[in-house]
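Participant: Take a look at the following structure, please.
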Amino acid sequence: LMNSLQGLKGWAEILHGAGADAASVAGHVLDMAGHLTAEVDAQRRLLLAECGELVPDLRSVTCASVLDDLELALGAEAAARLIRMPIPPEAGCLRTDPAILCRVLCNMVTNALEALPPRGQAKIWFERHSGGLRCVVENPGCMPPEVADRIFQRSFSTKAVRGRGLGTYGMKLLGETVLGGRVGFTTNWTEGTRFFIELPGDD
């Protein structure tokens, strides 16, 4: 929240300065306000989920619409570093809460991008799995065992002061406790690190 507020304050100061392009800066202010609103909502959902009070709004959604929503939520810069693999014709639809699933996938993608060099790219795809659908986010790195063993632990972070340790914890909590799916990962030097969520299809 503080990062978003500092960004919002910075753009507001530019808008206040003489000679600023008001329309352009106002656009940045709106973007930052949108990110701030989304972050507050995400923290609210996480607290409700921990209390067992978050009720999902289940509906049928296509894989393509899930990825479209994800790109909007990530923003242009992050979305440009995410490679969308073709959706297989047999994928069909998901029955899920699209807003909560989007948050889970945002956490997965953010986690993948933070593990890459500045211009590195991650991949995302859907595949059929055990009668349902699995969404996979991949980056080419490999986690050391001491990180892999604690990756879903609340407040565990590899980012020292910057990290809150809620990203991977949140994806596990929301994906399994609220959406009723299964969240996990694999990591090795052959396939890289792959986080996934498995959910029932809506055939």
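Ordering of the structure tokens sets the chain letters (A, B, ...); residue numbers start at 1 within each chain; ligands are numbered from 1 in the order shown.
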Name the residues in contact with Met2 in chain A at a cut-off of 12 Å, using only C-alpha atoms, excluding same-chain residues fewer than 3 positions from it; report them as a list of chain:residue names.

Facilitator: A:Leu5, A:Gln6, A:Gly7, A:Leu8, A:Lys9, A:Met32, A:His35, A:Leu36, A:Glu39, A:Val40, A:Arg162

Participant: Residues of chain A classed as helix (DSSP H, G or I) by DSSP on the backbone are to be reported as number ranges by chain.

Facilitator: A: 2-16, 22-50, 63-74, 76-79, 89-91, 98-114, 145-148, 167-178

Participant: If you keep C-alpha atoms, can you produce a file of those selected residues as an mmCIF file, in the first residue's frame?

Facilitator:
data_model
loop_
_atom_site.group_PDB
_atom_site.id
_atom_site.type_symbol
_atom_site.label_atom_id
_atom_site.label_comp_id
_atom_site.auth_asym_id
_atom_site.auth_seq_id
_atom_site.Cartn_x
_atom_site.Cartn_y
_atom_site.Cartn_z
ATOM 1 C CA MET A 2 2.829 2.391 0.839
ATOM 2 C CA ASN A 3 4.476 1.770 -2.545
ATOM 3 C CA SER A 4 1.222 2.602 -4.325
ATOM 4 C CA LEU A 5 0.644 5.697 -2.202
ATOM 5 C CA GLN A 6 4.164 6.984 -2.848
ATOM 6 C CA GLY A 7 3.650 6.530 -6.584
ATOM 7 C CA LEU A 8 0.316 8.322 -6.419
ATOM 8 C CA LYS A 9 1.866 11.186 -4.441
ATOM 9 C CA GLY A 10 4.723 11.469 -6.932
ATOM 10 C CA TRP A 11 2.407 11.797 -9.934
ATOM 11 C CA ALA A 12 0.193 14.274 -8.052
ATOM 12 C CA GLU A 13 3.284 16.433 -7.385
ATOM 13 C CA ILE A 14 4.165 16.357 -11.086
ATOM 14 C CA LEU A 15 0.589 17.363 -11.945
ATOM 15 C CA HIS A 16 0.882 20.244 -9.508
ATOM 16 C CA ALA A 22 -2.173 17.463 -17.237
ATOM 17 C CA ALA A 23 -4.009 14.828 -19.298
ATOM 18 C CA SER A 24 -1.034 12.465 -19.383
ATOM 19 C CA VAL A 25 -0.244 12.801 -15.686
ATOM 20 C CA ALA A 26 -3.917 12.441 -14.767
ATOM 21 C CA GLY A 27 -3.877 9.121 -16.617
ATOM 22 C CA HIS A 28 -0.960 7.942 -14.470
ATOM 23 C CA VAL A 29 -2.762 9.115 -11.326
ATOM 24 C CA LEU A 30 -5.846 7.122 -12.324
ATOM 25 C CA ASP A 31 -3.687 4.041 -12.989
ATOM 26 C CA MET A 32 -2.017 4.316 -9.586
ATOM 27 C CA ALA A 33 -5.381 4.829 -7.870
ATOM 28 C CA GLY A 34 -6.657 1.718 -9.634
ATOM 29 C CA HIS A 35 -3.685 -0.325 -8.431
ATOM 30 C CA LEU A 36 -4.180 0.998 -4.912
ATOM 31 C CA THR A 37 -7.872 0.061 -4.947
ATOM 32 C CA ALA A 38 -7.049 -3.428 -6.235
ATOM 33 C CA GLU A 39 -4.416 -3.921 -3.534
ATOM 34 C CA VAL A 40 -6.787 -2.889 -0.749
ATOM 35 C CA ASP A 41 -9.414 -5.265 -2.147
ATOM 36 C CA ALA A 42 -6.856 -8.079 -2.359
ATOM 37 C CA GLN A 43 -5.881 -7.630 1.291
ATOM 38 C CA ARG A 44 -9.560 -7.554 2.297
ATOM 39 C CA ARG A 45 -10.174 -10.823 0.439
ATOM 40 C CA LEU A 46 -7.143 -12.411 2.078
ATOM 41 C CA LEU A 47 -8.332 -11.470 5.577
ATOM 42 C CA LEU A 48 -11.832 -12.785 4.851
ATOM 43 C CA ALA A 49 -10.377 -16.024 3.480
ATOM 44 C CA GLU A 50 -8.282 -16.523 6.622
ATOM 45 C CA CYS A 63 -9.764 -19.723 -20.477
ATOM 46 C CA ALA A 64 -9.286 -16.818 -22.891
ATOM 47 C CA SER A 65 -11.341 -14.455 -20.711
ATOM 48 C CA VAL A 66 -9.331 -15.489 -17.657
ATOM 49 C CA LEU A 67 -6.091 -14.561 -19.438
ATOM 50 C CA ASP A 68 -7.572 -11.297 -20.763
ATOM 51 C CA ASP A 69 -8.573 -10.272 -17.218
ATOM 52 C CA LEU A 70 -5.125 -11.252 -15.973
ATOM 53 C CA GLU A 71 -3.359 -9.018 -18.496
ATOM 54 C CA LEU A 72 -5.527 -6.050 -17.509
ATOM 55 C CA ALA A 73 -4.823 -6.641 -13.832
ATOM 56 C CA LEU A 74 -1.065 -6.973 -14.381
ATOM 57 C CA ALA A 76 0.970 -3.296 -19.736
ATOM 58 C CA GLU A 77 4.578 -3.548 -18.525
ATOM 59 C CA ALA A 78 4.183 -6.867 -16.718
ATOM 60 C CA ALA A 79 1.797 -8.299 -19.319
ATOM 61 C CA PRO A 89 -9.368 -26.654 -28.285
ATOM 62 C CA GLU A 90 -10.319 -29.266 -25.692
ATOM 63 C CA ALA A 91 -9.768 -26.851 -22.789
ATOM 64 C CA PRO A 98 -12.967 -15.064 -11.985
ATOM 65 C CA ALA A 99 -11.916 -12.210 -9.678
ATOM 66 C CA ILE A 100 -10.367 -14.531 -7.083
ATOM 67 C CA LEU A 101 -8.737 -16.685 -9.763
ATOM 68 C CA CYS A 102 -7.279 -13.535 -11.313
ATOM 69 C CA ARG A 103 -5.684 -12.642 -7.961
ATOM 70 C CA VAL A 104 -4.192 -16.133 -7.640
ATOM 71 C CA LEU A 105 -2.743 -15.948 -11.152
ATOM 72 C CA CYS A 106 -1.478 -12.386 -10.587
ATOM 73 C CA ASN A 107 0.469 -13.675 -7.598
ATOM 74 C CA MET A 108 1.869 -16.542 -9.669
ATOM 75 C CA VAL A 109 2.953 -14.266 -12.513
ATOM 76 C CA THR A 110 4.417 -11.622 -10.197
ATOM 77 C CA ASN A 111 6.372 -14.318 -8.386
ATOM 78 C CA ALA A 112 7.664 -15.669 -11.722
ATOM 79 C CA LEU A 113 8.683 -12.246 -13.062
ATOM 80 C CA GLU A 114 10.474 -11.280 -9.848
ATOM 81 C CA PRO A 145 15.560 -26.572 -1.637
ATOM 82 C CA GLU A 146 15.548 -24.229 1.370
ATOM 83 C CA VAL A 147 13.187 -21.866 -0.509
ATOM 84 C CA ALA A 148 11.022 -24.609 -2.050
ATOM 85 C CA GLY A 167 1.996 -13.769 -2.437
ATOM 86 C CA THR A 168 2.536 -17.513 -2.501
ATOM 87 C CA TYR A 169 0.697 -17.958 0.805
ATOM 88 C CA GLY A 170 -2.257 -16.071 -0.645
ATOM 89 C CA MET A 171 -2.367 -18.085 -3.857
ATOM 90 C CA LYS A 172 -2.470 -21.319 -1.842
ATOM 91 C CA LEU A 173 -5.136 -20.057 0.571
ATOM 92 C CA LEU A 174 -7.411 -18.567 -2.081
ATOM 93 C CA GLY A 175 -6.873 -21.302 -4.655
ATOM 94 C CA GLU A 176 -7.573 -24.197 -2.315
ATOM 95 C CA THR A 177 -9.653 -22.972 0.632
ATOM 96 C CA VAL A 178 -11.879 -20.594 -1.344
#

Participant: May I ask which of the residues A:Leu94, A:Asp202, A:Arg150, A:Met143 is the closest one to Asn188 in chain A, counting only C-alpha atoms?

Facilitator: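 Closest to Asn188 in chain A, using only C-alpha atoms: A:Met143.
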
Participant: Which residues are near Leu199 in chain A? Cut-off 9 Å, only C-alpha atoms, ignore same chain within fewer than 6 positions. Put them as a list in words.

Facilitator: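 Listed by chain and then number, they are Leu94, Arg95, Thr96, His129, Gly132, Leu133, Arg134, Cys135, Gly175, Leu179, Gly180, Gly181 and Arg182 of chain A.
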
Participant: May I have the residues from that selection written out with N, CA and C atoms, as a PDB file, in the first residue's frame?

Facilitator:
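Everything below was put into part21.pdb:
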ATOM      1  N   LEU A  94     -14.054 -23.039 -17.411  1.00  0.00           N
ATOM      2  CA  LEU A  94     -13.837 -23.256 -15.984  1.00  0.00           C
ATOM      3  C   LEU A  94     -15.084 -22.835 -15.219  1.00  0.00           C
ATOM      4  N   ARG A  95     -15.304 -23.476 -14.086  1.00  0.00           N
ATOM      5  CA  ARG A  95     -16.323 -22.985 -13.156  1.00  0.00           C
ATOM      6  C   ARG A  95     -15.586 -22.460 -11.937  1.00  0.00           C
ATOM      7  N   THR A  96     -15.563 -21.154 -11.800  1.00  0.00           N
ATOM      8  CA  THR A  96     -14.756 -20.543 -10.750  1.00  0.00           C
ATOM      9  C   THR A  96     -15.230 -19.126 -10.487  1.00  0.00           C
ATOM     10  N   HIS A 129      -6.283 -31.669 -17.148  1.00  0.00           N
ATOM     11  CA  HIS A 129      -5.600 -32.446 -16.116  1.00  0.00           C
ATOM     12  C   HIS A 129      -6.625 -33.091 -15.198  1.00  0.00           C
ATOM     13  N   GLY A 132     -10.220 -32.026 -15.124  1.00  0.00           N
ATOM     14  CA  GLY A 132     -10.450 -30.592 -14.985  1.00  0.00           C
ATOM     15  C   GLY A 132      -9.449 -29.816 -15.804  1.00  0.00           C
ATOM     16  N   LEU A 133      -9.130 -28.612 -15.365  1.00  0.00           N
ATOM     17  CA  LEU A 133      -8.177 -27.762 -16.063  1.00  0.00           C
ATOM     18  C   LEU A 133      -7.066 -27.324 -15.123  1.00  0.00           C
ATOM     19  N   ARG A 134      -5.895 -27.229 -15.669  1.00  0.00           N
ATOM     20  CA  ARG A 134      -4.748 -26.747 -14.910  1.00  0.00           C
ATOM     21  C   ARG A 134      -4.191 -25.514 -15.632  1.00  0.00           C
ATOM     22  N   CYS A 135      -3.967 -24.451 -14.883  1.00  0.00           N
ATOM     23  CA  CYS A 135      -3.293 -23.269 -15.416  1.00  0.00           C
ATOM     24  C   CYS A 135      -1.886 -23.248 -14.841  1.00  0.00           C
ATOM     25  N   GLY A 175      -6.661 -20.270  -3.650  1.00  0.00           N
ATOM     26  CA  GLY A 175      -6.873 -21.302  -4.655  1.00  0.00           C
ATOM     27  C   GLY A 175      -7.469 -22.576  -4.105  1.00  0.00           C
ATOM     28  N   LEU A 179     -11.480 -21.431  -3.609  1.00  0.00           N
ATOM     29  CA  LEU A 179     -11.905 -21.917  -4.919  1.00  0.00           C
ATOM     30  C   LEU A 179     -12.049 -23.440  -4.981  1.00  0.00           C
ATOM     31  N   GLY A 180     -11.534 -24.138  -3.982  1.00  0.00           N
ATOM     32  CA  GLY A 180     -11.663 -25.590  -3.966  1.00  0.00           C
ATOM     33  C   GLY A 180     -10.790 -26.309  -4.968  1.00  0.00           C
ATOM     34  N   GLY A 181      -9.706 -25.664  -5.398  1.00  0.00           N
ATOM     35  CA  GLY A 181      -8.787 -26.281  -6.349  1.00  0.00           C
ATOM     36  C   GLY A 181      -7.565 -26.855  -5.655  1.00  0.00           C
ATOM     37  N   ARG A 182      -6.532 -27.049  -6.422  1.00  0.00           N
ATOM     38  CA  ARG A 182      -5.256 -27.505  -5.870  1.00  0.00           C
ATOM     39  C   ARG A 182      -4.148 -26.631  -6.425  1.00  0.00           C
TER      40      ARG A 182
END

Participant: Just want the 8 Å neighbourhood of Pro140 in chain A, counted on only C-alpha atoms, with same-chain residues fewer than 6 positions away dropped. Output as a CSV table (one decimal) with N, CA and C atoms, in the first residue's frame.

Facilitator:
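Result file is part.csv:
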chain,number,residue,atom,x,y,z
A,122,ALA,N,8.1,-14.9,-18.7
A,122,ALA,CA,7.5,-16.1,-18.1
A,122,ALA,C,6.4,-16.6,-19.1
A,189,TRP,N,16.0,-27.9,-13.0
A,189,TRP,CA,16.7,-27.1,-14.0
A,189,TRP,C,16.3,-27.5,-15.4
A,191,GLU,N,12.9,-28.2,-16.5
A,191,GLU,CA,11.7,-27.5,-16.9
A,191,GLU,C,11.5,-26.1,-16.2
A,192,GLY,N,12.4,-25.7,-15.4
A,192,GLY,CA,12.3,-24.5,-14.7
A,192,GLY,C,11.3,-24.6,-13.5
A,193,THR,N,10.8,-23.5,-13.1
A,193,THR,CA,9.8,-23.5,-12.0
A,193,THR,C,8.4,-23.3,-12.5

Participant: So which residues of range 24-202 of chain A fall under strand (DSSP E or B) by DSSP, listed as a PyMOL selection string?

Facilitator: chain A and resi 59-62+82-84+93-96+122-129+132-139+182-188+192-201

Participant: Since we have the selection now, will you write its residues out, keeping C-alpha atoms, as a PDB file, in the first residue's frame?

Facilitator:
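What ended up in part-v6.pdb:
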ATOM      1  CA  ARG A  59     -19.624 -18.936 -12.750  1.00  0.00           C
ATOM      2  CA  SER A  60     -18.609 -20.432 -16.089  1.00  0.00           C
ATOM      3  CA  VAL A  61     -15.706 -18.591 -17.741  1.00  0.00           C
ATOM      4  CA  THR A  62     -13.527 -19.304 -20.748  1.00  0.00           C
ATOM      5  CA  LEU A  82       4.177 -12.826 -20.101  1.00  0.00           C
ATOM      6  CA  ILE A  83       3.951 -15.216 -23.060  1.00  0.00           C
ATOM      7  CA  ARG A  84       0.449 -16.631 -23.555  1.00  0.00           C
ATOM      8  CA  CYS A  93     -14.538 -23.600 -19.698  1.00  0.00           C
ATOM      9  CA  LEU A  94     -13.837 -23.256 -15.984  1.00  0.00           C
ATOM     10  CA  ARG A  95     -16.323 -22.985 -13.156  1.00  0.00           C
ATOM     11  CA  THR A  96     -14.756 -20.543 -10.750  1.00  0.00           C
ATOM     12  CA  ALA A 122       7.485 -16.051 -18.150  1.00  0.00           C
ATOM     13  CA  LYS A 123       4.974 -18.358 -19.830  1.00  0.00           C
ATOM     14  CA  ILE A 124       1.365 -19.175 -18.998  1.00  0.00           C
ATOM     15  CA  TRP A 125      -0.900 -21.855 -20.412  1.00  0.00           C
ATOM     16  CA  PHE A 126      -3.949 -24.028 -19.780  1.00  0.00           C
ATOM     17  CA  GLU A 127      -4.004 -27.803 -20.074  1.00  0.00           C
ATOM     18  CA  ARG A 128      -6.425 -30.612 -19.341  1.00  0.00           C
ATOM     19  CA  HIS A 129      -5.600 -32.446 -16.116  1.00  0.00           C
ATOM     20  CA  GLY A 132     -10.450 -30.592 -14.985  1.00  0.00           C
ATOM     21  CA  LEU A 133      -8.177 -27.762 -16.063  1.00  0.00           C
ATOM     22  CA  ARG A 134      -4.748 -26.747 -14.910  1.00  0.00           C
ATOM     23  CA  CYS A 135      -3.293 -23.269 -15.416  1.00  0.00           C
ATOM     24  CA  VAL A 136       0.510 -23.186 -15.319  1.00  0.00           C
ATOM     25  CA  VAL A 137       2.912 -20.239 -14.928  1.00  0.00           C
ATOM     26  CA  GLU A 138       6.527 -21.032 -15.772  1.00  0.00           C
ATOM     27  CA  ASN A 139       9.843 -19.266 -15.401  1.00  0.00           C
ATOM     28  CA  ARG A 182      -5.256 -27.505  -5.870  1.00  0.00           C
ATOM     29  CA  VAL A 183      -2.223 -25.206  -5.925  1.00  0.00           C
ATOM     30  CA  GLY A 184       1.317 -26.519  -6.208  1.00  0.00           C
ATOM     31  CA  PHE A 185       4.596 -26.212  -8.053  1.00  0.00           C
ATOM     32  CA  THR A 186       7.483 -28.150  -9.544  1.00  0.00           C
ATOM     33  CA  THR A 187      11.029 -26.868  -9.824  1.00  0.00           C
ATOM     34  CA  ASN A 188      14.080 -28.279 -11.577  1.00  0.00           C
ATOM     35  CA  GLY A 192      12.256 -24.460 -14.677  1.00  0.00           C
ATOM     36  CA  THR A 193       9.804 -23.496 -11.951  1.00  0.00           C
ATOM     37  CA  ARG A 194       6.127 -24.095 -12.658  1.00  0.00           C
ATOM     38  CA  PHE A 195       3.365 -22.913 -10.346  1.00  0.00           C
ATOM     39  CA  PHE A 196      -0.073 -24.279 -11.127  1.00  0.00           C
ATOM     40  CA  ILE A 197      -3.687 -24.250 -10.029  1.00  0.00           C
ATOM     41  CA  GLU A 198      -6.017 -27.123 -10.863  1.00  0.00           C
ATOM     42  CA  LEU A 199      -9.752 -26.418 -11.026  1.00  0.00           C
ATOM     43  CA  PRO A 200     -12.811 -28.338 -12.200  1.00  0.00           C
ATOM     44  CA  GLY A 201     -13.971 -27.741 -15.755  1.00  0.00           C
TER      45      GLY A 201
END
